[in-house]
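See below for data.cif, which holds mmCIF, C-alpha atoms.
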data_input
loop_
_atom_site.label_atom_id
_atom_site.label_comp_id
_atom_site.auth_asym_id
_atom_site.auth_seq_id
_atom_site.Cartn_x
_atom_site.Cartn_y
_atom_site.Cartn_z
CA MET A 96 -8.65 -29.57 -80.78
CA LEU A 97 -7.56 -33.05 -79.74
CA GLN A 98 -8.28 -32.17 -76.17
CA ARG A 99 -11.74 -30.99 -77.11
CA ARG A 100 -12.43 -34.24 -78.95
CA ARG A 101 -11.48 -36.14 -75.82
CA ALA A 102 -13.79 -33.96 -73.78
CA THR A 103 -16.56 -34.77 -76.23
CA LEU A 104 -16.00 -38.51 -75.91
CA ALA A 105 -15.87 -38.32 -72.14
CA ALA A 106 -19.06 -36.30 -72.30
CA SER A 107 -20.88 -39.01 -74.24
CA ALA A 108 -19.93 -41.64 -71.70
CA GLU A 109 -21.25 -39.47 -68.90
CA LEU A 110 -24.45 -38.68 -70.77
CA ALA A 111 -25.04 -42.33 -71.50
CA ALA A 112 -24.76 -42.90 -67.77
CA GLY A 113 -27.51 -40.39 -67.15
CA GLY A 114 -25.65 -37.14 -66.48
CA ASP A 115 -26.30 -33.58 -67.56
CA PHE A 116 -25.77 -32.13 -71.00
CA MET A 117 -22.05 -31.60 -71.26
CA VAL A 118 -20.49 -28.25 -72.04
CA VAL A 119 -17.41 -28.96 -74.18
CA GLN A 120 -16.39 -25.39 -74.97
CA THR A 121 -17.15 -21.99 -73.45
CA HIS A 122 -16.90 -18.52 -75.04
CA ALA A 123 -17.71 -20.17 -78.35
CA THR A 124 -19.19 -18.50 -81.41
CA ILE A 125 -21.12 -19.77 -84.39
CA ALA A 126 -17.77 -20.19 -86.22
CA ASP A 127 -16.63 -22.64 -83.53
CA LEU A 128 -19.90 -24.53 -83.84
CA LEU A 129 -19.52 -24.78 -87.63
CA ALA A 130 -15.91 -25.98 -87.18
CA THR A 131 -17.03 -28.85 -84.91
CA PRO A 132 -16.46 -32.11 -86.79
CA ASP A 133 -19.50 -34.29 -87.40
CA ASP A 134 -19.20 -37.17 -84.94
CA GLY A 135 -22.82 -38.29 -85.05
CA GLN A 136 -23.71 -36.36 -81.91
CA ARG A 137 -25.73 -33.20 -81.76
CA HIS A 138 -23.82 -30.02 -81.02
CA GLU A 139 -25.65 -26.88 -80.03
CA LEU A 140 -24.59 -23.46 -78.85
CA LEU A 141 -26.31 -22.05 -75.78
CA ARG A 142 -25.25 -18.53 -74.76
CA GLY A 143 -21.74 -19.11 -76.09
CA GLU A 144 -21.31 -22.63 -74.73
CA ILE A 145 -21.11 -25.63 -77.04
CA ILE A 146 -23.24 -28.42 -75.58
CA VAL A 147 -23.30 -31.95 -76.86
CA SER A 148 -26.08 -34.54 -76.74
CA PRO A 149 -25.54 -38.22 -77.51
CA SER A 150 -27.44 -40.07 -80.21
CA PRO A 151 -30.92 -40.64 -78.85
CA GLY A 152 -32.13 -44.06 -77.81
CA PHE A 153 -34.80 -46.08 -79.60
CA LEU A 154 -37.89 -44.65 -77.89
CA HIS A 155 -36.71 -41.07 -78.40
CA GLY A 156 -36.19 -41.60 -82.11
CA LYS A 157 -39.50 -43.40 -82.49
CA THR A 158 -41.38 -40.57 -80.79
CA GLN A 159 -39.53 -37.91 -82.75
CA GLY A 160 -40.12 -39.75 -86.05
CA ARG A 161 -43.79 -40.26 -85.34
CA PHE A 162 -44.44 -36.65 -84.39
CA SER A 163 -42.46 -35.41 -87.36
CA ALA A 164 -44.54 -37.60 -89.72
CA ILE A 165 -47.85 -36.42 -88.26
CA LEU A 166 -46.76 -32.79 -88.45
CA THR A 167 -45.40 -33.18 -91.99
CA ASN A 168 -48.76 -34.61 -93.10
CA TYR A 169 -50.43 -31.55 -91.60
CA ALA A 170 -47.97 -29.17 -93.27
CA ASP A 171 -48.40 -30.86 -96.65
CA GLU A 172 -52.19 -30.87 -96.45
CA THR A 173 -52.47 -27.26 -95.37
CA GLY A 174 -49.43 -25.82 -97.13
CA LEU A 175 -48.91 -23.68 -94.05
CA GLY A 176 -45.29 -24.39 -93.31
CA VAL A 177 -42.15 -26.48 -93.34
CA VAL A 178 -41.20 -29.22 -90.88
CA VAL A 179 -37.54 -29.90 -90.08
CA THR A 180 -35.77 -32.24 -87.68
CA GLU A 181 -32.63 -31.19 -85.81
CA SER A 182 -31.92 -28.20 -88.07
CA GLY A 183 -30.02 -25.48 -86.27
CA PHE A 184 -31.72 -22.15 -85.63
CA ARG A 185 -29.71 -19.09 -84.75
CA LEU A 186 -31.72 -17.59 -81.91
CA HIS A 187 -29.32 -15.03 -80.45
CA ARG A 188 -26.07 -13.23 -81.28
CA ASP A 189 -23.32 -12.35 -78.83
CA PRO A 190 -23.46 -14.55 -76.91
CA ASP A 191 -24.40 -16.86 -79.77
CA THR A 192 -27.21 -19.35 -79.36
CA VAL A 193 -27.90 -21.99 -82.00
CA LEU A 194 -30.31 -24.76 -81.03
CA GLY A 195 -31.43 -27.74 -83.08
CA PRO A 196 -34.79 -28.90 -81.78
CA ASP A 197 -35.90 -32.48 -82.41
CA VAL A 198 -38.71 -31.18 -84.61
CA ALA A 199 -39.53 -27.63 -85.66
CA PHE A 200 -42.24 -26.02 -87.76
CA VAL A 201 -41.71 -22.72 -89.57
CA ARG A 202 -44.53 -20.91 -91.34
CA ALA A 203 -44.04 -21.08 -95.11
CA ASP A 204 -43.77 -17.34 -95.66
CA ARG A 205 -40.96 -17.04 -93.12
CA VAL A 206 -38.57 -19.48 -94.82
CA PRO A 207 -36.06 -17.61 -97.02
CA PRO A 208 -36.15 -18.98 -100.58
CA ASP A 209 -32.37 -19.45 -100.65
CA ALA A 210 -32.13 -21.49 -97.43
CA ASP A 211 -29.87 -24.50 -98.07
CA GLU A 212 -27.73 -27.05 -96.23
CA THR A 213 -25.17 -24.45 -95.19
CA THR A 214 -27.75 -22.23 -93.54
CA TYR A 215 -28.85 -21.89 -90.00
CA LEU A 216 -32.06 -19.91 -90.24
CA GLU A 217 -31.75 -16.78 -88.15
CA LEU A 218 -35.26 -16.83 -86.78
CA ALA A 219 -37.28 -18.47 -84.05
CA PRO A 220 -39.37 -21.38 -85.35
CA ASP A 221 -43.12 -21.01 -84.80
CA LEU A 222 -43.23 -24.39 -83.08
CA VAL A 223 -40.49 -26.40 -81.37
CA VAL A 224 -40.80 -30.01 -80.23
CA GLU A 225 -38.33 -31.59 -77.83
CA VAL A 226 -38.48 -35.25 -76.84
CA VAL A 227 -37.19 -36.01 -73.35
CA SER A 228 -34.36 -38.54 -73.17
CA PRO A 229 -33.34 -40.34 -69.98
CA SER A 230 -30.15 -38.24 -70.00
CA ASN A 231 -31.89 -34.84 -70.10
CA SER A 232 -31.78 -32.97 -66.83
CA LEU A 233 -34.88 -30.96 -66.02
CA ALA A 234 -32.77 -27.85 -65.42
CA GLU A 235 -31.32 -28.06 -68.93
CA MET A 236 -34.74 -28.72 -70.47
CA HIS A 237 -36.23 -25.75 -68.55
CA ASP A 238 -33.40 -23.58 -69.78
CA LYS A 239 -33.99 -24.59 -73.40
CA VAL A 240 -37.75 -24.03 -73.16
CA LEU A 241 -37.24 -20.54 -71.71
CA THR A 242 -34.59 -19.77 -74.32
CA TYR A 243 -36.98 -20.73 -77.13
CA LEU A 244 -39.83 -18.68 -75.68
CA GLU A 245 -37.59 -15.65 -75.09
CA ALA A 246 -36.41 -15.91 -78.71
CA GLY A 247 -40.00 -15.73 -79.94
CA VAL A 248 -41.09 -19.36 -80.40
CA ARG A 249 -44.87 -19.35 -80.03
CA MET A 250 -45.31 -22.88 -78.78
CA VAL A 251 -42.88 -25.43 -77.32
CA LEU A 252 -44.00 -29.03 -76.92
CA VAL A 253 -42.06 -31.30 -74.57
CA LEU A 254 -42.86 -34.95 -75.24
CA GLU A 255 -42.20 -37.46 -72.48
CA PRO A 256 -42.45 -40.93 -74.07
CA LYS A 257 -42.01 -42.87 -70.85
CA ARG A 258 -44.90 -41.15 -69.03
CA ARG A 259 -46.74 -40.56 -72.34
CA THR A 260 -47.36 -36.88 -71.65
CA VAL A 261 -47.03 -33.72 -73.70
CA THR A 262 -46.35 -30.41 -71.95
CA VAL A 263 -47.44 -27.39 -73.96
CA HIS A 264 -45.43 -24.22 -73.21
CA THR A 265 -46.55 -20.82 -74.46
CA PRO A 266 -44.93 -17.34 -74.28
CA ASP A 267 -47.02 -16.37 -71.24
CA ARG A 268 -44.84 -18.93 -69.39
CA VAL A 269 -47.88 -21.01 -68.54
CA SER A 270 -47.62 -24.67 -69.46
CA ARG A 271 -50.20 -27.40 -69.54
CA THR A 272 -49.42 -31.11 -69.29
CA LEU A 273 -51.65 -33.33 -71.39
CA VAL A 274 -52.06 -37.03 -70.65
CA VAL A 275 -53.46 -40.04 -72.53
CA GLY A 276 -57.19 -39.45 -73.01
CA GLU A 277 -56.66 -35.80 -73.91
CA THR A 278 -56.06 -34.10 -77.24
CA LEU A 279 -53.27 -31.81 -78.36
CA ASP A 280 -54.64 -28.79 -80.17
CA GLY A 281 -52.45 -26.66 -82.44
CA GLY A 282 -54.15 -23.41 -81.47
CA ALA A 283 -53.18 -20.33 -83.43
CA VAL A 284 -49.73 -21.77 -84.27
CA LEU A 285 -51.04 -24.82 -86.14
CA PRO A 286 -54.64 -23.96 -87.00
CA GLY A 287 -56.82 -27.04 -87.35
CA PHE A 288 -54.11 -29.39 -86.02
CA SER A 289 -55.45 -31.89 -83.51
CA VAL A 290 -54.09 -35.23 -82.37
CA ALA A 291 -54.93 -37.60 -79.52
CA ILE A 292 -52.06 -37.91 -77.02
CA ALA A 293 -52.42 -41.71 -77.18
CA ASP A 294 -51.79 -41.59 -80.95
CA LEU A 295 -48.51 -39.71 -80.48
CA PHE A 296 -47.10 -42.59 -78.46
CA ALA A 297 -48.75 -45.51 -80.30
CA MET B 300 -32.52 -43.80 -63.68
CA SER B 301 -30.93 -46.75 -61.99
CA THR B 302 -33.13 -49.72 -61.36
CA THR B 303 -32.40 -51.88 -58.36
CA ALA B 304 -32.38 -55.63 -58.63
CA ARG B 305 -35.64 -55.95 -56.79
CA LEU B 306 -38.52 -53.74 -55.79
CA MET B 307 -38.87 -52.54 -52.22
CA THR B 308 -41.77 -51.54 -50.00
CA ALA B 309 -42.07 -48.38 -47.92
CA ASP B 310 -41.84 -50.50 -44.76
CA GLU B 311 -38.52 -51.90 -45.92
CA VAL B 312 -37.22 -48.37 -46.51
CA TRP B 313 -38.35 -47.35 -43.02
CA ALA B 314 -36.42 -50.31 -41.59
CA LEU B 315 -33.17 -49.01 -43.13
CA PRO B 316 -30.80 -46.91 -41.02
CA GLU B 317 -31.89 -43.26 -41.28
CA ASP B 318 -28.87 -42.19 -43.37
CA GLU B 319 -29.45 -44.95 -45.92
CA ARG B 320 -33.08 -44.18 -46.66
CA GLY B 321 -34.28 -42.79 -49.96
CA GLU B 322 -37.36 -42.39 -52.08
CA LEU B 323 -39.46 -45.10 -53.71
CA ILE B 324 -41.18 -44.69 -57.04
CA ARG B 325 -43.45 -47.63 -57.78
CA GLY B 326 -41.17 -49.76 -55.65
CA GLU B 327 -37.93 -48.59 -57.27
CA PHE B 328 -35.51 -47.34 -54.66
CA ARG B 329 -33.88 -43.96 -55.32
CA PRO B 330 -31.16 -43.04 -52.85
CA MET B 331 -31.06 -39.39 -51.82
CA PRO B 332 -27.53 -38.20 -52.52
CA PRO B 333 -25.96 -35.32 -50.58
CA ILE B 334 -26.88 -31.96 -52.12
CA ASP B 335 -24.66 -29.16 -53.43
CA GLY B 336 -24.33 -25.59 -52.18
CA ASP B 337 -26.75 -23.93 -54.62
CA HIS B 338 -29.39 -26.50 -53.78
CA ALA B 339 -28.85 -26.08 -50.03
CA ASP B 340 -28.97 -22.29 -50.40
CA SER B 341 -32.38 -22.34 -52.09
CA THR B 342 -33.79 -24.85 -49.63
CA SER B 343 -32.52 -22.87 -46.63
CA ALA B 344 -33.78 -19.55 -48.00
CA LEU B 345 -37.21 -21.02 -48.55
CA ILE B 346 -37.50 -22.62 -45.14
CA ALA B 347 -36.13 -19.54 -43.37
CA TRP B 348 -38.77 -17.45 -45.10
CA LEU B 349 -41.68 -19.88 -44.86
CA TYR B 350 -41.24 -21.12 -41.29
CA PRO B 351 -42.15 -17.91 -39.43
CA TRP B 352 -44.83 -17.07 -41.97
CA VAL B 353 -46.51 -20.47 -41.56
CA ARG B 354 -46.33 -20.26 -37.75
CA ALA B 355 -48.06 -16.90 -37.80
CA ASN B 356 -50.55 -17.40 -40.62
CA ALA B 357 -51.20 -21.04 -41.50
CA PRO B 358 -50.30 -23.43 -38.68
CA GLY B 359 -48.98 -26.73 -39.86
CA LEU B 360 -45.95 -28.93 -40.32
CA ILE B 361 -43.22 -27.49 -42.50
CA GLY B 362 -39.78 -28.95 -43.03
CA PRO B 363 -37.15 -30.56 -45.21
CA GLU B 364 -37.17 -34.15 -46.48
CA ILE B 365 -40.25 -35.40 -44.65
CA GLY B 366 -41.17 -38.89 -45.88
CA PHE B 367 -44.63 -39.16 -47.46
CA ARG B 368 -46.27 -42.43 -48.49
CA LEU B 369 -48.60 -41.14 -51.14
CA PRO B 370 -52.13 -42.45 -50.63
CA GLY B 371 -53.73 -44.64 -53.28
CA MET B 372 -50.35 -45.55 -54.78
CA GLU B 373 -48.43 -48.76 -54.47
CA ASN B 374 -45.02 -48.16 -52.90
CA VAL B 375 -44.57 -44.49 -53.71
CA LEU B 376 -42.56 -42.79 -51.00
CA LEU B 377 -41.39 -39.25 -51.68
CA ALA B 378 -39.43 -36.78 -49.58
CA PRO B 379 -39.71 -33.29 -51.06
CA ASP B 380 -36.93 -30.79 -50.33
CA VAL B 381 -39.55 -28.75 -48.45
CA ALA B 382 -43.11 -29.77 -47.58
CA TYR B 383 -46.03 -28.20 -45.79
CA VAL B 384 -49.04 -29.98 -44.29
CA ARG B 385 -51.92 -28.17 -42.63
CA GLU B 386 -52.04 -28.66 -38.86
CA ASP B 387 -55.34 -30.59 -38.79
CA ARG B 388 -54.01 -33.21 -41.24
CA VAL B 389 -51.01 -34.32 -39.16
CA PRO B 390 -50.79 -36.01 -35.75
CA PRO B 391 -50.02 -33.70 -32.81
CA ARG B 392 -46.42 -32.71 -32.06
CA GLY B 393 -44.53 -35.50 -30.36
CA GLN B 394 -46.52 -38.14 -32.23
CA ARG B 395 -45.21 -37.50 -35.73
CA THR B 396 -43.10 -40.64 -36.02
CA GLY B 397 -42.75 -42.77 -39.13
CA PHE B 398 -43.57 -41.70 -42.66
CA LEU B 399 -46.76 -39.70 -43.09
CA SER B 400 -49.41 -41.59 -45.08
CA LEU B 401 -50.81 -38.59 -46.90
CA ALA B 402 -49.99 -36.16 -49.67
CA PRO B 403 -48.44 -32.87 -48.53
CA ASP B 404 -50.49 -29.74 -49.23
CA LEU B 405 -47.37 -28.12 -50.69
CA ALA B 406 -44.32 -29.93 -52.05
CA VAL B 407 -41.20 -28.06 -53.12
CA GLU B 408 -38.44 -29.64 -55.18
CA VAL B 409 -35.18 -27.79 -55.75
CA LEU B 410 -33.42 -28.88 -58.93
CA SER B 411 -29.97 -30.38 -58.92
CA PRO B 412 -28.09 -30.85 -62.19
CA SER B 413 -28.53 -34.60 -61.72
CA ASN B 414 -32.36 -34.47 -61.64
CA THR B 415 -33.59 -35.78 -64.95
CA ALA B 416 -36.59 -34.24 -66.66
CA SER B 417 -38.37 -37.61 -66.75
CA GLU B 418 -37.90 -38.28 -63.06
CA MET B 419 -38.93 -34.80 -61.95
CA ASN B 420 -41.99 -34.58 -64.21
CA ASP B 421 -43.04 -38.00 -62.95
CA LYS B 422 -42.71 -36.84 -59.34
CA VAL B 423 -44.75 -33.68 -59.96
CA LEU B 424 -47.54 -35.75 -61.53
CA LEU B 425 -47.43 -38.26 -58.65
CA TYR B 426 -47.83 -35.49 -56.07
CA LEU B 427 -50.74 -33.93 -57.97
CA GLU B 428 -52.43 -37.28 -58.58
CA ALA B 429 -52.12 -38.08 -54.86
CA GLY B 430 -53.85 -34.85 -53.89
CA THR B 431 -51.06 -32.31 -53.36
CA ARG B 432 -52.55 -28.92 -54.19
CA LEU B 433 -49.39 -27.01 -54.99
CA VAL B 434 -45.95 -28.08 -56.24
CA TRP B 435 -43.08 -25.64 -56.65
CA VAL B 436 -40.05 -26.63 -58.70
CA VAL B 437 -37.20 -24.27 -57.90
CA ASP B 438 -34.35 -23.92 -60.40
CA PRO B 439 -31.38 -22.17 -58.76
CA ARG B 440 -29.44 -21.92 -62.03
CA ARG B 441 -32.19 -20.26 -64.08
CA ARG B 442 -33.48 -18.51 -60.94
CA SER B 443 -37.03 -19.58 -61.66
CA VAL B 444 -39.90 -21.28 -59.86
CA ALA B 445 -42.44 -23.39 -61.73
CA VAL B 446 -45.78 -23.42 -59.90
CA HIS B 447 -47.76 -26.58 -60.63
CA THR B 448 -51.43 -27.00 -59.75
CA PRO B 449 -53.80 -30.01 -59.91
CA ASP B 450 -55.26 -28.86 -63.25
CA ARG B 451 -51.80 -29.77 -64.63
CA LEU B 452 -51.08 -26.14 -65.40
CA ALA B 453 -47.68 -24.75 -64.50
CA ARG B 454 -46.68 -21.12 -64.37
CA THR B 455 -42.97 -20.28 -64.51
CA LEU B 456 -42.00 -17.31 -62.34
CA LEU B 457 -38.75 -15.43 -62.85
CA VAL B 458 -36.84 -12.87 -60.83
CA GLY B 459 -39.16 -9.87 -60.82
CA ASP B 460 -42.24 -12.00 -60.23
CA THR B 461 -43.89 -12.71 -56.89
CA LEU B 462 -44.61 -16.21 -55.64
CA ASP B 463 -47.97 -16.51 -53.92
CA GLY B 464 -49.33 -19.34 -51.82
CA GLY B 465 -52.52 -19.94 -53.81
CA ASP B 466 -55.28 -21.46 -51.70
CA VAL B 467 -52.72 -23.52 -49.75
CA LEU B 468 -51.00 -20.57 -48.07
CA PRO B 469 -53.41 -17.72 -48.76
CA GLY B 470 -51.85 -14.29 -48.36
CA LEU B 471 -48.27 -15.46 -48.84
CA ALA B 472 -46.26 -13.21 -51.15
CA LEU B 473 -42.57 -13.89 -51.66
CA LEU B 474 -40.40 -12.15 -54.22
CA VAL B 475 -38.72 -14.80 -56.39
CA ALA B 476 -35.55 -12.68 -56.22
CA GLU B 477 -35.40 -13.23 -52.44
CA LEU B 478 -35.07 -16.96 -52.97
CA PHE B 479 -31.88 -16.45 -54.92
CA ALA B 480 -30.47 -13.38 -53.17
#
Written form, structure tokens:
Amino acid sequence: MLQRRRATLAASAELAAGGDFMVVQTHATIADLLATPDDGQRHELLRGEIIVSPSPGFLHGKTQGRFSAILTNYADETGLGVVVTESGFRLHRDPDTVLGPDVAFVRADRVPPDADETTYLELAPDLVVEVVSPSNSLAEMHDKVLTYLEAGVRMVLVLEPKRRTVTVHTPDRVSRTLVVGETLDGGAVLPGFSVAIADLFA
Amino acid sequence: MSTTARLMTADEVWALPEDERGELIRGEFRPMPPIDGDHADSTSALIAWLYPWVRANAPGLIGPEIGFRLPGMENVLLAPDVAYVREDRVPPRGQRTGFLSLAPDLAVEVLSPSNTASEMNDKVLLYLEAGTRLVWVVDPRRRSVAVHTPDRLARTLLVGDTLDGGDVLPGLALLVAELFA
């Protein structure tokens, strides 16, 4: 365990310097993920590998917070679903995959009534939002997007605060990149949801 | 995402010794580090496949790491892993010295673990904004190819799919699996 903690710390230093996500344990299961001590970093499980991401920087958090607020307003007004930030979702068993997207939306009727703080929902969220950090490699982000879509997520939004773009990924594996001046439409996943790209990064 | 102390121009990059050159994004110098085996494999497979096809079907310049000064952009100099330019857009053979001041018709980037999402998305948009008609982003680890077009749509192809050349290389059909065989 001590050795793994060291690996985690070394991983954060590398990530801060702009490296890849760091795999700190392979052949891991959900039990290993749950046994990982809370060190303020995000731990996820991707096909049996525990990956760690450092605390996001200011712009990441601002973008995540803003999107989450806009989406929560929508969810409250429509009553259509629940918005969570960084909650783990169990997307696959053996090898285990548990990912905690920056923001996720789950339709109200899909949330089990007894879901509490010890639960990872074993379902694919309807919508997943990931904000790109300077440390995210494109390969890792691609991998996550494909993993979400394969698990049944209906729409994945990748927000790029520096370039102020939103890339909309759908299960047909066709994505569209929206820029300032355009509007993000929720389609069938978030009916009636519409927000100007400029407003997401204001 | 290192930022150098001062911004450079494309001319200053050209003046560097060949093995010290790199890319420029809005004046920020990005050295081009040596690549790893997976990256080299994908690049080689693609060029080996494309070169004879282009010679026979769509004459033009095709090759690795050609320097392009993107038109209409201040100090943007990119060198895609593989690029193709139609014959009538480049100077004749023997006169292709210096960086080309145009956008390639096709740009291919092969992902290394060190390529950040921000940097690569920025590059794709720069190519498309400069007039490149087709950008392929090859991911050797996920064995996928993302096909980007100027409408800012991207289609991700996996093993089992076929990569076509769109209107840039009409008639081209390459099994994605062959890229990673």
Given a cut-off of 12 Å, which residues of chain B touch chain A, counting all atoms listed in the file, written out as a PyMOL selection string? chain B and resi 300-301+408-425+427+436-457+460
Is it possible to get the residues within 8 Å of (-45.5, -41.1, -47.8) (coordinates as in the file, counting only C-alpha atoms) written as an MDAnalysis selection string? chainID B and resid 366:370 375:378 398:402
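Atom to atom, atom CA of Ala219 of chain A and atom CA of Thr158 of chain A stand 22.7 Å apart.
In this model, the gap between atom CA of Thr121 of chain A and atom CA of Asp335 of chain B comes to 22.6 Å.
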For the PyMOL selection byres ((chain A and resi 170-175) around 9), applied here, can you spell out every residue it catches as a PDB file with C-alpha atoms, in the frame of the given file?
ATOM      1  CA  ILE A 165     -47.850 -36.420 -88.260  1.00  0.00           C
ATOM      2  CA  LEU A 166     -46.760 -32.790 -88.450  1.00  0.00           C
ATOM      3  CA  THR A 167     -45.400 -33.180 -91.990  1.00  0.00           C
ATOM      4  CA  ASN A 168     -48.760 -34.610 -93.100  1.00  0.00           C
ATOM      5  CA  TYR A 169     -50.430 -31.550 -91.600  1.00  0.00           C
ATOM      6  CA  GLY A 176     -45.290 -24.390 -93.310  1.00  0.00           C
ATOM      7  CA  VAL A 177     -42.150 -26.480 -93.340  1.00  0.00           C
ATOM      8  CA  VAL A 178     -41.200 -29.220 -90.880  1.00  0.00           C
ATOM      9  CA  PHE A 200     -42.240 -26.020 -87.760  1.00  0.00           C
ATOM     10  CA  VAL A 201     -41.710 -22.720 -89.570  1.00  0.00           C
ATOM     11  CA  ARG A 202     -44.530 -20.910 -91.340  1.00  0.00           C
ATOM     12  CA  ALA A 203     -44.040 -21.080 -95.110  1.00  0.00           C
ATOM     13  CA  ASP A 204     -43.770 -17.340 -95.660  1.00  0.00           C
ATOM     14  CA  LEU A 285     -51.040 -24.820 -86.140  1.00  0.00           C
TER      15      LEU A 285
END
Which polymer residues have any atom within 10 Å of an atom of Thr242 of chain A, counting only C-alpha atoms, with same-chain residues fewer than 2 positions away left out, as a count of residues only? 16
In Å, with one decimal, what is the gap from atom CA of Gly183 of chain A to atom CA of Gly135 of chain A? 14.7 Å
